[in-house]
$ cat final01.csv   # CSV, C-alpha atoms and all ligand atoms
chain,number,residue,atom,x,y,z
W,80,MET,CA,57.0,2.1,9.2
W,81,LEU,CA,55.2,5.4,9.0
W,82,GLY,CA,52.4,4.4,11.5
W,83,ASP,CA,49.0,5.0,9.9
W,84,LEU,CA,50.4,7.1,7.1
W,85,THR,CA,51.2,6.1,3.5
W,86,PRO,CA,54.4,7.3,2.1
W,87,SER,CA,52.5,9.8,-0.1
W,88,GLU,CA,50.6,11.2,2.9
W,89,PHE,CA,53.9,11.5,4.8
W,90,LEU,CA,55.5,13.4,2.0
W,91,ARG,CA,52.5,15.7,1.6
W,92,GLU,CA,51.9,16.4,5.3
W,93,TYR,CA,55.3,16.1,7.0
W,94,TRP,CA,58.3,15.9,4.7
W,95,GLN,CA,60.3,19.2,5.0
W,96,LYS,CA,57.4,20.6,6.9
W,97,LYS,CA,56.9,19.4,10.5
W,98,PRO,CA,58.1,16.7,12.9
W,99,LEU,CA,56.4,13.3,13.2
W,100,LEU,CA,56.7,10.8,16.1
W,101,ILE,CA,56.1,7.3,15.1
W,102,ARG,CA,55.7,4.8,17.9
W,103,GLY,CA,56.7,1.3,16.9
W,104,ALA,CA,57.9,2.3,13.5
W,105,PHE,CA,60.2,-0.8,13.4
W,106,PRO,CA,58.5,-3.2,15.9
W,107,GLY,CA,61.1,-5.4,17.6
W,108,PHE,CA,64.0,-3.3,16.4
W,109,LYS,CA,66.9,-3.6,18.9
W,110,GLY,CA,69.6,-2.1,16.7
W,111,LEU,CA,72.1,-3.5,14.3
W,112,LEU,CA,75.2,-3.5,16.4
W,113,ASP,CA,76.3,-3.3,20.0
W,114,ARG,CA,78.5,-0.7,21.7
W,115,GLU,CA,81.7,-2.7,21.2
W,116,GLU,CA,81.0,-3.2,17.5
W,117,LEU,CA,80.3,0.5,17.1
W,118,ILE,CA,83.6,1.3,18.9
W,119,GLY,CA,85.2,-1.2,16.5
W,120,LEU,CA,83.9,0.6,13.5
W,121,SER,CA,85.0,4.0,14.9
W,122,CYS,CA,88.5,2.6,14.9
W,123,LEU,CA,88.5,1.8,11.1
W,124,ASP,CA,90.3,4.2,8.7
W,125,GLY,CA,87.3,4.4,6.4
W,126,ALA,CA,84.8,5.4,9.0
W,127,GLN,CA,84.0,9.0,9.9
W,128,SER,CA,83.6,9.1,13.6
W,129,ARG,CA,83.5,11.7,16.3
W,130,ILE,CA,83.5,11.8,20.1
W,131,VAL,CA,81.6,14.7,21.7
W,132,THR,CA,82.4,15.3,25.4
W,133,PHE,CA,81.0,17.7,27.9
W,134,GLU,CA,83.3,18.5,30.8
W,135,LYS,CA,83.4,21.4,33.3
W,136,GLY,CA,80.7,23.3,31.3
W,137,LYS,CA,82.6,22.9,28.0
W,138,TRP,CA,81.7,20.9,24.9
W,139,SER,CA,84.6,19.4,22.9
W,140,LEU,CA,84.8,17.4,19.8
W,141,ARG,CA,87.4,14.9,18.6
W,142,ASP,CA,87.5,13.3,15.2
W,143,GLY,CA,88.3,9.6,14.6
W,144,PRO,CA,89.5,7.1,13.7
W,145,PHE,CA,90.0,6.2,17.3
W,146,ARG,CA,91.9,3.5,19.2
W,147,LYS,CA,90.2,1.2,21.6
W,148,LYS,CA,92.2,2.7,24.4
W,149,ASP,CA,90.7,6.2,23.7
W,150,PHE,CA,87.5,4.9,25.2
W,151,ALA,CA,89.2,4.0,28.5
W,152,LYS,CA,89.9,7.6,29.5
W,153,LEU,CA,86.8,9.6,28.6
W,154,PRO,CA,85.1,12.2,30.9
W,155,GLU,CA,81.8,11.2,32.5
W,156,ARG,CA,79.7,12.7,29.7
W,157,TRP,CA,80.4,11.6,26.2
W,158,THR,CA,78.8,10.5,23.0
W,159,LEU,CA,80.3,8.5,20.1
W,160,LEU,CA,78.9,9.2,16.6
W,161,VAL,CA,79.8,7.1,13.6
W,162,GLN,CA,78.7,8.1,10.1
W,163,GLY,CA,78.3,5.9,7.0
W,164,ILE,CA,77.3,2.7,8.9
W,165,ASN,CA,75.5,1.6,5.7
W,166,HIS,CA,78.9,1.4,3.9
W,167,PHE,CA,80.1,-1.2,6.4
W,168,LEU,CA,77.0,-3.1,7.4
W,169,LYS,CA,74.8,-5.0,5.1
W,170,ASP,CA,71.9,-4.6,7.5
W,171,GLY,CA,72.5,-0.9,7.5
W,172,GLY,CA,71.9,-0.9,3.7
W,173,LYS,CA,68.8,-3.0,4.3
W,174,LEU,CA,67.5,-0.6,6.9
W,175,LEU,CA,67.9,2.3,4.4
W,176,SER,CA,65.9,0.5,1.7
W,177,ASN,CA,62.8,1.1,3.9
W,178,PHE,CA,63.2,4.7,3.0
W,179,ASP,CA,63.2,4.1,-0.8
W,180,PHE,CA,60.1,6.3,-1.1
W,181,ILE,CA,62.6,9.2,-0.9
W,182,PRO,CA,65.0,9.3,-3.9
W,183,HIS,CA,68.5,7.9,-3.4
W,184,ALA,CA,69.9,11.2,-4.6
W,185,ARG,CA,68.6,12.8,-1.4
W,186,LEU,CA,70.0,10.2,0.9
W,187,ASP,CA,73.2,11.0,2.8
W,188,ASP,CA,73.9,8.1,5.1
W,189,LEU,CA,73.1,6.1,8.3
W,190,MET,CA,74.8,7.4,11.4
W,191,VAL,CA,74.8,5.6,14.7
W,192,SER,CA,75.4,7.2,18.1
W,193,TYR,CA,76.2,5.6,21.4
W,194,ALA,CA,75.6,7.6,24.7
W,195,PRO,CA,75.8,6.5,28.3
W,196,ASP,CA,73.0,7.5,30.6
W,197,GLY,CA,72.3,11.2,30.7
W,198,CYS,CA,74.6,12.0,27.8
W,199,GLY,CA,73.9,13.6,24.4
W,200,VAL,CA,75.4,16.1,22.0
W,201,GLY,CA,73.4,19.1,23.3
W,202,PRO,CA,70.6,21.1,21.8
W,203,HIS,CA,71.3,21.9,18.2
W,204,PHE,CA,69.8,21.9,14.7
W,205,ASP,CA,70.9,20.2,11.5
W,206,SER,CA,70.5,21.4,7.9
W,207,TYR,CA,69.4,17.9,7.1
W,208,ASP,CA,66.1,16.0,7.2
W,209,VAL,CA,66.6,13.2,9.6
W,210,PHE,CA,64.7,10.1,10.9
W,211,LEU,CA,65.9,9.3,14.5
W,212,LEU,CA,65.3,5.7,15.1
W,213,GLN,CA,65.8,4.3,18.6
W,214,GLY,CA,67.9,1.2,18.8
W,215,LEU,CA,69.3,0.0,22.2
W,216,GLY,CA,67.8,1.6,25.3
W,217,SER,CA,65.8,4.8,25.4
W,218,ARG,CA,66.3,8.5,24.6
W,219,ARG,CA,64.4,11.5,25.6
W,220,TRP,CA,64.0,13.9,22.6
W,221,GLN,CA,63.1,17.5,23.2
W,222,ILE,CA,62.3,19.6,20.2
W,223,SER,CA,61.6,23.2,19.3
W,224,SER,CA,60.5,24.9,16.1
W,225,ASN,CA,62.0,28.1,17.5
W,226,CYS,CA,65.4,27.7,16.1
W,227,GLU,CA,67.0,30.9,17.3
W,228,MET,CA,70.4,31.0,15.7
W,229,ALA,CA,72.5,32.2,18.8
W,230,LEU,CA,75.1,29.6,19.4
W,231,VAL,CA,77.3,28.8,22.3
W,232,PRO,CA,80.5,30.6,21.5
W,233,ASP,CA,83.7,28.5,20.9
W,234,ALA,CA,81.7,25.2,21.0
W,235,PRO,CA,82.9,22.8,18.3
W,236,LEU,CA,79.3,21.9,17.4
W,237,ARG,CA,76.5,24.3,16.7
W,238,ILE,CA,75.1,24.1,20.2
W,239,LEU,CA,72.1,26.5,20.8
W,240,LYS,CA,72.5,29.1,23.5
W,241,HIS,CA,68.8,29.3,24.1
W,242,PHE,CA,66.7,26.2,23.8
W,243,GLU,CA,63.2,25.8,25.2
W,244,PRO,CA,61.5,22.5,24.3
W,245,GLU,CA,58.0,22.7,22.9
W,246,ALA,CA,57.5,19.0,23.1
W,247,GLU,CA,59.3,16.0,24.4
W,248,TRP,CA,59.0,12.2,24.2
W,249,VAL,CA,61.0,9.2,25.5
W,250,LEU,CA,61.7,7.0,22.5
W,251,GLU,CA,61.9,3.3,23.1
W,252,PRO,CA,63.5,0.7,20.8
W,253,GLY,CA,61.8,0.8,17.3
W,254,ASP,CA,60.2,4.3,17.9
W,255,MET,CA,61.2,6.9,15.3
W,256,LEU,CA,61.1,10.7,15.2
W,257,TYR,CA,61.2,12.6,11.9
W,258,LEU,CA,62.6,16.1,12.0
W,259,PRO,CA,62.7,18.6,9.1
W,260,PRO,CA,65.9,20.7,8.6
W,261,LYS,CA,66.5,23.5,11.1
W,262,TYR,CA,64.3,22.0,13.8
W,263,ALA,CA,66.1,22.4,17.1
W,264,HIS,CA,66.5,19.1,19.1
W,265,ASN,CA,68.2,17.7,22.1
W,266,GLY,CA,68.6,14.0,22.7
W,267,ILE,CA,69.4,12.7,26.2
W,268,ALA,CA,70.1,9.1,26.8
W,269,VAL,CA,67.9,7.3,29.4
W,270,GLY,CA,70.2,4.5,30.4
W,271,GLU,CA,72.7,3.4,27.7
W,272,SER,CA,71.3,4.5,24.4
W,273,MET,CA,72.0,4.0,20.7
W,274,THR,CA,70.2,6.0,18.0
W,275,TYR,CA,70.1,5.4,14.3
W,276,SER,CA,70.0,8.6,12.3
W,277,ILE,CA,68.8,8.2,8.7
W,278,GLY,CA,70.0,11.5,7.2
W,279,PHE,CA,69.0,13.1,3.9
W,280,ARG,CA,71.3,15.6,2.2
W,281,ALA,CA,70.3,19.0,1.2
W,282,PRO,CA,73.2,20.8,-0.4
W,283,SER,CA,73.1,24.6,-0.3
W,284,TYR,CA,72.6,26.4,-3.6
W,285,GLN,CA,75.9,28.0,-3.0
W,286,GLU,CA,77.6,24.6,-2.8
W,287,LEU,CA,75.7,23.3,-5.9
W,288,ALA,CA,76.6,26.4,-7.9
W,289,THR,CA,80.2,26.3,-6.9
W,290,GLN,CA,80.5,22.6,-7.8
W,291,PHE,CA,78.6,23.2,-11.1
W,292,LEU,CA,81.0,25.9,-12.1
W,293,ILE,CA,83.9,23.6,-11.4
W,294,HIS,CA,82.2,20.9,-13.5
W,295,LEU,CA,81.6,23.4,-16.3
W,296,GLN,CA,85.2,24.5,-16.2
W,297,ASP,CA,86.4,20.9,-16.8
W,298,ASN,CA,84.0,20.5,-19.7
W,299,LEU,CA,84.2,23.9,-21.3
W,300,GLU,CA,85.8,24.6,-24.7
W,301,ILE,CA,85.7,28.2,-25.8
W,302,PRO,CA,87.3,28.9,-29.2
W,303,GLY,CA,89.3,32.0,-30.1
W,304,MET,CA,91.5,34.4,-28.3
W,305,TYR,CA,91.4,38.0,-27.3
W,306,GLN,CA,92.0,40.3,-30.3
W,307,ASP,CA,92.1,44.1,-30.7
W,308,PRO,CA,93.0,45.0,-34.3
W,309,ASP,CA,90.8,48.1,-33.6
W,310,LEU,CA,93.1,49.3,-30.8
W,311,GLU,CA,93.2,53.0,-30.3
W,312,ILE,CA,95.5,55.1,-28.2
W,313,GLN,CA,94.2,55.6,-24.6
W,314,ASP,CA,94.6,58.7,-22.4
W,315,HIS,CA,95.9,56.4,-19.6
W,316,PRO,CA,97.9,53.4,-20.5
W,317,ALA,CA,97.2,51.9,-17.1
W,318,GLU,CA,93.4,52.0,-17.5
W,319,ILE,CA,91.5,48.9,-18.4
W,320,GLY,CA,89.5,50.3,-21.2
W,321,LYS,CA,85.7,50.0,-21.7
W,322,LYS,CA,86.3,48.3,-25.1
W,323,MET,CA,88.4,45.6,-23.5
W,324,ILE,CA,85.8,45.0,-20.8
W,325,GLY,CA,83.1,44.9,-23.4
W,326,LYS,CA,84.9,42.3,-25.6
W,327,VAL,CA,85.6,40.0,-22.6
W,328,LYS,CA,82.0,40.3,-21.4
W,329,LYS,CA,80.8,39.2,-24.9
W,330,ALA,CA,83.1,36.2,-24.8
W,331,ILE,CA,82.0,35.2,-21.3
W,332,ASP,CA,78.3,35.8,-22.1
W,333,ALA,CA,78.6,33.2,-24.8
W,334,ILE,CA,79.1,30.5,-22.2
W,335,THR,CA,75.8,28.8,-21.8
W,336,TRP,CA,74.5,25.5,-20.5
W,337,LYS,CA,71.6,23.3,-21.1
W,338,GLU,CA,69.4,21.1,-18.9
W,339,GLU,CA,71.6,18.2,-20.0
W,340,ASP,CA,74.7,19.8,-18.5
W,341,ILE,CA,72.9,20.3,-15.2
W,342,GLU,CA,71.8,16.6,-15.3
W,343,HIS,CA,75.4,15.4,-16.0
W,344,PHE,CA,76.7,17.6,-13.2
W,345,LEU,CA,74.1,16.4,-10.7
W,346,GLY,CA,74.6,12.7,-11.7
W,347,ILE,CA,78.4,13.0,-11.2
W,348,TYR,CA,78.2,15.1,-8.1
W,349,LEU,CA,75.6,13.1,-6.3
W,350,SER,CA,77.1,9.7,-7.1
W,351,GLU,CA,80.7,10.8,-6.1
W,352,PRO,CA,81.9,8.7,-3.2
W,353,LYS,CA,82.9,10.6,-0.1
W,354,PRO,CA,86.6,11.3,-0.1
W,355,HIS,CA,87.4,8.7,2.6
W,356,LEU,CA,85.7,5.9,0.8
W,357,PHE,CA,87.7,3.4,-1.3
W,358,PHE,CA,86.6,0.3,-3.1
W,359,ASP,CA,88.2,-3.1,-2.7
W,360,PRO,CA,88.7,-4.9,-6.0
W,361,PRO,CA,88.4,-8.6,-5.6
W,362,ARG,CA,91.7,-10.1,-4.4
W,363,ARG,CA,91.5,-13.0,-6.8
W,364,PRO,CA,89.1,-11.9,-9.5
W,365,LEU,CA,87.2,-14.6,-11.5
W,366,SER,CA,87.6,-14.7,-15.2
W,367,LYS,CA,84.8,-12.9,-17.1
W,368,LYS,CA,83.3,-16.2,-18.2
W,369,ARG,CA,83.2,-17.5,-14.6
W,370,PHE,CA,81.8,-14.1,-13.3
W,371,LEU,CA,79.0,-14.2,-15.9
W,372,GLU,CA,78.1,-17.8,-15.0
W,373,GLU,CA,78.0,-16.9,-11.3
W,374,VAL,CA,75.8,-13.8,-11.8
W,375,GLU,CA,73.4,-15.7,-13.9
W,376,LYS,CA,72.9,-18.1,-11.0
W,377,GLU,CA,73.4,-15.9,-8.0
W,378,GLY,CA,72.6,-12.4,-9.2
W,379,VAL,CA,74.6,-9.2,-8.8
W,380,ARG,CA,74.6,-6.7,-6.0
W,381,LEU,CA,76.0,-3.2,-5.6
W,382,ASP,CA,78.8,-3.0,-3.1
W,383,LEU,CA,77.6,-1.2,0.0
W,384,ARG,CA,79.7,1.8,-0.8
W,385,SER,CA,78.5,2.2,-4.4
W,386,GLN,CA,76.1,4.9,-5.5
W,387,LEU,CA,74.4,4.1,-8.8
W,388,LEU,CA,71.9,6.7,-10.1
W,389,PHE,CA,70.4,7.4,-13.5
W,390,ALA,CA,68.6,10.1,-15.4
W,391,MET,CA,67.4,10.3,-19.0
W,392,ASP,CA,70.1,8.8,-21.1
W,393,HIS,CA,72.9,8.2,-18.6
W,394,LEU,CA,74.0,6.1,-15.7
W,395,TYR,CA,76.1,7.6,-12.9
W,396,VAL,CA,78.2,5.3,-10.9
W,397,ASN,CA,80.5,6.5,-8.2
W,398,GLY,CA,81.2,9.8,-9.9
W,399,GLU,CA,81.4,8.4,-13.5
W,400,MET,CA,79.0,9.1,-16.3
W,401,ILE,CA,78.1,6.3,-18.7
W,402,PRO,CA,75.7,6.7,-21.6
W,403,PHE,CA,72.9,4.1,-21.7
W,404,SER,CA,73.4,3.7,-25.5
W,405,ASN,CA,72.9,0.0,-26.2
W,406,LEU,CA,73.1,-1.1,-22.6
W,407,ASP,CA,70.4,-3.2,-21.0
W,408,ARG,CA,68.5,-0.3,-19.5
W,409,SER,CA,65.9,-2.2,-17.6
W,410,LEU,CA,68.5,-4.4,-15.9
W,411,LEU,CA,70.7,-1.5,-14.9
W,412,LYS,CA,67.8,0.6,-13.7
W,413,ASP,CA,66.6,-2.3,-11.6
W,414,LEU,CA,70.1,-2.7,-10.1
W,415,ALA,CA,70.2,1.0,-9.3
W,416,ASP,CA,66.7,1.0,-7.7
W,417,ARG,CA,67.0,-2.2,-5.7
W,418,ARG,CA,70.8,-2.5,-5.4
W,419,PHE,CA,70.4,-6.2,-6.3
W,420,VAL,CA,69.3,-8.2,-9.3
W,421,GLU,CA,68.5,-11.9,-8.7
W,422,SER,CA,69.6,-13.4,-11.9
W,423,VAL,CA,71.5,-11.7,-14.6
W,424,GLU,CA,71.2,-12.7,-18.3
W,425,THR,CA,72.1,-9.9,-20.5
W,426,ASP,CA,73.9,-8.7,-23.7
W,427,GLU,CA,77.6,-8.5,-24.3
W,428,GLU,CA,78.0,-4.8,-23.7
W,429,THR,CA,76.2,-4.9,-20.4
W,430,SER,CA,78.0,-8.0,-19.3
W,431,SER,CA,81.3,-6.3,-20.0
W,432,LEU,CA,80.3,-3.2,-18.0
W,433,LEU,CA,79.2,-5.4,-15.0
W,434,TYR,CA,82.5,-7.3,-15.2
W,435,ARG,CA,84.4,-4.0,-15.2
W,436,TRP,CA,82.5,-2.9,-12.2
W,437,TYR,CA,83.2,-6.2,-10.5
W,438,SER,CA,86.9,-5.8,-11.2
W,439,GLU,CA,86.8,-2.3,-9.6
W,440,GLY,CA,84.9,-3.5,-6.6
W,441,TYR,CA,81.7,-1.6,-7.4
W,442,VAL,CA,79.5,-4.7,-7.6
W,443,CYS,CA,79.8,-8.2,-6.2
W,444,ILE,CA,78.2,-11.6,-6.9
W,445,GLY,CA,74.9,-12.5,-5.3
W,446,GLY,CA,74.8,-12.4,-1.6
W,447,ASN,CA,78.6,-12.6,-1.1
W,448,HIS,CA,78.6,-9.2,0.4
W,449,ASP,CA,80.8,-9.1,3.4
W,501,LIG,C1,72.7,11.6,18.4
W,501,LIG,O1,72.2,10.5,17.9
W,501,LIG,O2,73.2,11.6,19.5
W,501,LIG,C2,72.6,12.8,17.6
W,501,LIG,C3,71.7,12.7,16.5
W,501,LIG,C4,71.2,14.1,16.1
W,501,LIG,O3,70.9,14.9,16.9
W,501,LIG,O4,71.2,14.5,14.9
W,502,CO,CO,70.9,16.5,15.2
$ encode --input "final01.csv" --output "structure tokens" --more "lines below"
Ligand code: SIN
Ligand code: CO
Amino acid sequence: MLGDLTPSEFLREYWQKKPLLIRGAFPGFKGLLDREELIGLSCLDGAQSRIVTFEKGKWSLRDGPFRKKDFAKLPERWTLLVQGINHFLKDGGKLLSNFDFIPHARLDDLMVSYAPDGCGVGPHFDSYDVFLLQGLGSRRWQISSNCEMALVPDAPLRILKHFEPEAEWVLEPGDMLYLPPKYAHNGIAVGESMTYSIGFRAPSYQELATQFLIHLQDNLEIPGMYQDPDLEIQDHPAEIGKKMIGKVKKAIDAITWKEEDIEHFLGIYLSEPKPHLFFDPPRRPLSKKRFLEEVEKEGVRLDLRSQLLFAMDHLYVNGEMIPFSNLDRSLLKDLADRRFVESVETDEETSSLLYRWYSEGYVCIGGNHD
């Protein structure tokens, strides 16, 4: 899939460094769905979809979910983008597993775009690493390392005002282009075109720190309360005195965190489902006994929407932290890595956990995915 490169070579030479074009990365790849199926997904409540149009020199953006009839009255130039295809399509999840040489914690999702001939979303850059895999038809990609930040004013997307391509290629089905973050690019459909974007998240440190402080706040216990038995008369009663500031600083300085706290935060934050995602518990759940008989025969699979990560002594499932304690670590790590375990035979505690996950819609039996 990486042409002549091994995953280690790719990571060393290209990842987060420079673009790479791979002809025939997925030989024979024609895409996972057609235009009508993509439109169908863009009409679902749980899908994040956008339509970008260009009309009379102006870019516009509309957020989904859409109705089928929205597609009947579009201007000549439009593109449909649907995020999170891997949460709906088993083959989407399978496609992503080819990228397992990059940690799951870095993965964002699979986005699919549809554009009629000559259309695209305009020259822009993303803050993400992305693999642009061509499905249906062809697309001309122009790229530039010169990511000058001037943007078209009032455009709903970050469209670049000045864009001078340094290189361009027409990608055919199965060809793939890797772009590091902040690399300017412009994709123009050549005939009807569908592109599969495998995107990797890179939260800003600002976002991480803000979220960490929120996490800390929920888990913080600071004993004691402000006291001033040493209070002295001040010249100005309205002044916040130095002594008061000093005492509060001392109390706040006592707040510390360990690597373990960072791990817990990251696990919870990175496994948290996106806000529009909901799990479907089984409508007629099997008894625990039947469930265990089934998973012993058929295996167990993570639901397409589930994110299961682990670190050191904890598992993180869909925003929840669970200590490994006496659980079957090797089975659960295998399930997290491969999202599927063929045949499950395990201890009582792990069986109970799997059954709870099944009841919540986090896992399902064997291949009965969709
Ligand atoms: C597209 O597929 O049209 C846009 C993908 C991208 O530029 O990131
Ligand atoms: Co882009």
$ atom_distance --input "final01.csv" --atom1 "CA of Leu99 (chain W)" --atom2 "CA of Asp170 (chain W)"
24.4 Å
$ closest_atom_pairs --input "final01.csv" --of "chain W" --to "ligand CO 502 (chain W)" --cutoff "7 Å" --atoms "only C-alpha atoms and all ligand atoms" --output "CSV"
residue,atom,partner,partner_atom,distance
W:His203,CA,W:CO502,CO,6.2
W:Phe204,CA,W:CO502,CO,5.5
W:Asp205,CA,W:CO502,CO,5.2
W:His264,CA,W:CO502,CO,6.4
$ residues_around --input "final01.csv" --residues "Pro282 (chain W)" --least-positions-apart "2" --cutoff "12 Å" --atoms "all atoms listed in the file" --output "ChimeraX atom specification"
/W:184-187,206-208,260,279-280,284-290,345,348-349
$ write_last_selection --input "final01.csv" --atoms "C-alpha atoms" --output "compact mmCIF listing (two decimals), keeping the file's coordinate frame"
# COMPACT_ATOMS: atom_id res chain seq x y z
CA ALA W 184 69.90 11.20 -4.60
CA ARG W 185 68.60 12.80 -1.40
CA LEU W 186 70.00 10.20 0.90
CA ASP W 187 73.20 11.00 2.80
CA SER W 206 70.50 21.40 7.90
CA TYR W 207 69.40 17.90 7.10
CA ASP W 208 66.10 16.00 7.20
CA PRO W 260 65.90 20.70 8.60
CA PHE W 279 69.00 13.10 3.90
CA ARG W 280 71.30 15.60 2.20
CA TYR W 284 72.60 26.40 -3.60
CA GLN W 285 75.90 28.00 -3.00
CA GLU W 286 77.60 24.60 -2.80
CA LEU W 287 75.70 23.30 -5.90
CA ALA W 288 76.60 26.40 -7.90
CA THR W 289 80.20 26.30 -6.90
CA GLN W 290 80.50 22.60 -7.80
CA LEU W 345 74.10 16.40 -10.70
CA TYR W 348 78.20 15.10 -8.10
CA LEU W 349 75.60 13.10 -6.30
$ closest_residue --input "final01.csv" --among "W:Ile331, W:Ile341, W:Ile118, W:Leu90" --to "Ala194 (chain W)" --atoms "all atoms listed in the file"
W:Ile118
$ residues_near_ligand --input "final01.csv" --ligand "ligand LIG 501 (chain W)" --cutoff "8 Å" --atoms "all atoms listed in the file" --output "NGL selection string"
:W and (158-160 or 190-194 or 199-200 or 202-205 or 209 or 211 or 264-267 or 273-276)
$ closest_residue --input "final01.csv" --among "W:Phe167, W:Arg114, W:Val269, W:Gln386" --to "Phe150 (chain W)" --atoms "all atoms listed in the file"
W:Arg114
$ residues_around --input "final01.csv" --residues "region 295-310 of chain W" --least-positions-apart "4" --cutoff "8 Å" --atoms "only C-alpha atoms" --output "short mmCIF file (atom, residue, chain, number, x, y, z; two decimals) with C-alpha atoms, keeping the file's coordinate frame"
data_model
loop_
_atom_site.label_atom_id
_atom_site.label_comp_id
_atom_site.auth_asym_id
_atom_site.auth_seq_id
_atom_site.Cartn_x
_atom_site.Cartn_y
_atom_site.Cartn_z
CA PHE W 291 78.60 23.20 -11.10
CA LYS W 326 84.90 42.30 -25.60
CA VAL W 327 85.60 40.00 -22.60
CA ILE W 334 79.10 30.50 -22.20
#
$ residues_around --input "final01.csv" --residues "region 226-230 of chain W" --least-positions-apart "5" --cutoff "6 Å" --atoms "all atoms listed in the file" --output "list of chain:residue names"
W:Ile238, W:Leu239, W:Lys240, W:Ala263
$ closest_residue --input "final01.csv" --among "W:Ser366, W:Glu245, W:Ser224, W:Leu236" --to "Tyr262 (chain W)" --atoms "only C-alpha atoms"
W:Ser224
$ decode --input "final01.csv" --residues "region 407-412 of chain W" --atoms "all heavy atoms" --output "PDB file, in the first residue's frame"
ATOM      1  N   ASP W 407      -8.657 -10.140  31.639  1.00  0.00           N
ATOM      2  CA  ASP W 407      -7.839 -10.891  30.685  1.00  0.00           C
ATOM      3  C   ASP W 407      -7.157  -9.893  29.735  1.00  0.00           C
ATOM      4  O   ASP W 407      -7.690  -9.549  28.681  1.00  0.00           O
ATOM      5  CB  ASP W 407      -8.783 -11.837  29.919  1.00  0.00           C
ATOM      6  CG  ASP W 407      -8.065 -12.768  28.978  1.00  0.00           C
ATOM      7  OD1 ASP W 407      -6.902 -12.474  28.616  1.00  0.00           O
ATOM      8  OD2 ASP W 407      -8.679 -13.782  28.598  1.00  0.00           O
ATOM      9  N   ARG W 408      -5.983  -9.443  30.149  1.00  0.00           N
ATOM     10  CA  ARG W 408      -5.306  -8.380  29.401  1.00  0.00           C
ATOM     11  C   ARG W 408      -5.041  -8.756  27.956  1.00  0.00           C
ATOM     12  O   ARG W 408      -5.235  -7.953  27.053  1.00  0.00           O
ATOM     13  CB  ARG W 408      -3.929  -8.085  30.003  1.00  0.00           C
ATOM     14  CG  ARG W 408      -3.980  -7.183  31.144  1.00  0.00           C
ATOM     15  CD  ARG W 408      -2.564  -6.915  31.621  1.00  0.00           C
ATOM     16  NE  ARG W 408      -2.694  -6.362  32.942  1.00  0.00           N
ATOM     17  CZ  ARG W 408      -2.165  -5.212  33.340  1.00  0.00           C
ATOM     18  NH1 ARG W 408      -1.408  -4.525  32.532  1.00  0.00           N
ATOM     19  NH2 ARG W 408      -2.360  -4.771  34.544  1.00  0.00           N
ATOM     20  N   SER W 409      -4.569  -9.979  27.739  1.00  0.00           N
ATOM     21  CA  SER W 409      -4.143 -10.287  26.373  1.00  0.00           C
ATOM     22  C   SER W 409      -5.351 -10.322  25.441  1.00  0.00           C
ATOM     23  O   SER W 409      -5.294  -9.835  24.313  1.00  0.00           O
ATOM     24  CB  SER W 409      -3.286 -11.543  26.309  1.00  0.00           C
ATOM     25  OG  SER W 409      -4.089 -12.663  26.472  1.00  0.00           O
ATOM     26  N   LEU W 410      -6.488 -10.835  25.931  1.00  0.00           N
ATOM     27  CA  LEU W 410      -7.693 -10.853  25.090  1.00  0.00           C
ATOM     28  C   LEU W 410      -8.162  -9.425  24.786  1.00  0.00           C
ATOM     29  O   LEU W 410      -8.462  -9.081  23.640  1.00  0.00           O
ATOM     30  CB  LEU W 410      -8.819 -11.623  25.800  1.00  0.00           C
ATOM     31  CG  LEU W 410     -10.137 -11.566  25.043  1.00  0.00           C
ATOM     32  CD1 LEU W 410     -10.385 -12.860  24.308  1.00  0.00           C
ATOM     33  CD2 LEU W 410     -11.301 -11.239  25.936  1.00  0.00           C
ATOM     34  N   LEU W 411      -8.192  -8.585  25.807  1.00  0.00           N
ATOM     35  CA  LEU W 411      -8.727  -7.232  25.630  1.00  0.00           C
ATOM     36  C   LEU W 411      -7.797  -6.363  24.777  1.00  0.00           C
ATOM     37  O   LEU W 411      -8.250  -5.556  23.975  1.00  0.00           O
ATOM     38  CB  LEU W 411      -8.998  -6.588  26.992  1.00  0.00           C
ATOM     39  CG  LEU W 411     -10.156  -7.262  27.738  1.00  0.00           C
ATOM     40  CD1 LEU W 411     -10.168  -6.866  29.203  1.00  0.00           C
ATOM     41  CD2 LEU W 411     -11.504  -6.953  27.097  1.00  0.00           C
ATOM     42  N   LYS W 412      -6.496  -6.592  24.921  1.00  0.00           N
ATOM     43  CA  LYS W 412      -5.553  -5.849  24.075  1.00  0.00           C
ATOM     44  C   LYS W 412      -5.696  -6.278  22.618  1.00  0.00           C
ATOM     45  O   LYS W 412      -5.623  -5.463  21.705  1.00  0.00           O
ATOM     46  CB  LYS W 412      -4.113  -6.086  24.539  1.00  0.00           C
ATOM     47  CG  LYS W 412      -3.758  -5.356  25.821  1.00  0.00           C
ATOM     48  CD  LYS W 412      -2.294  -5.592  26.150  1.00  0.00           C
ATOM     49  CE  LYS W 412      -1.884  -4.839  27.390  1.00  0.00           C
ATOM     50  NZ  LYS W 412      -0.454  -5.014  27.692  1.00  0.00           N
TER      51      LYS W 412
END
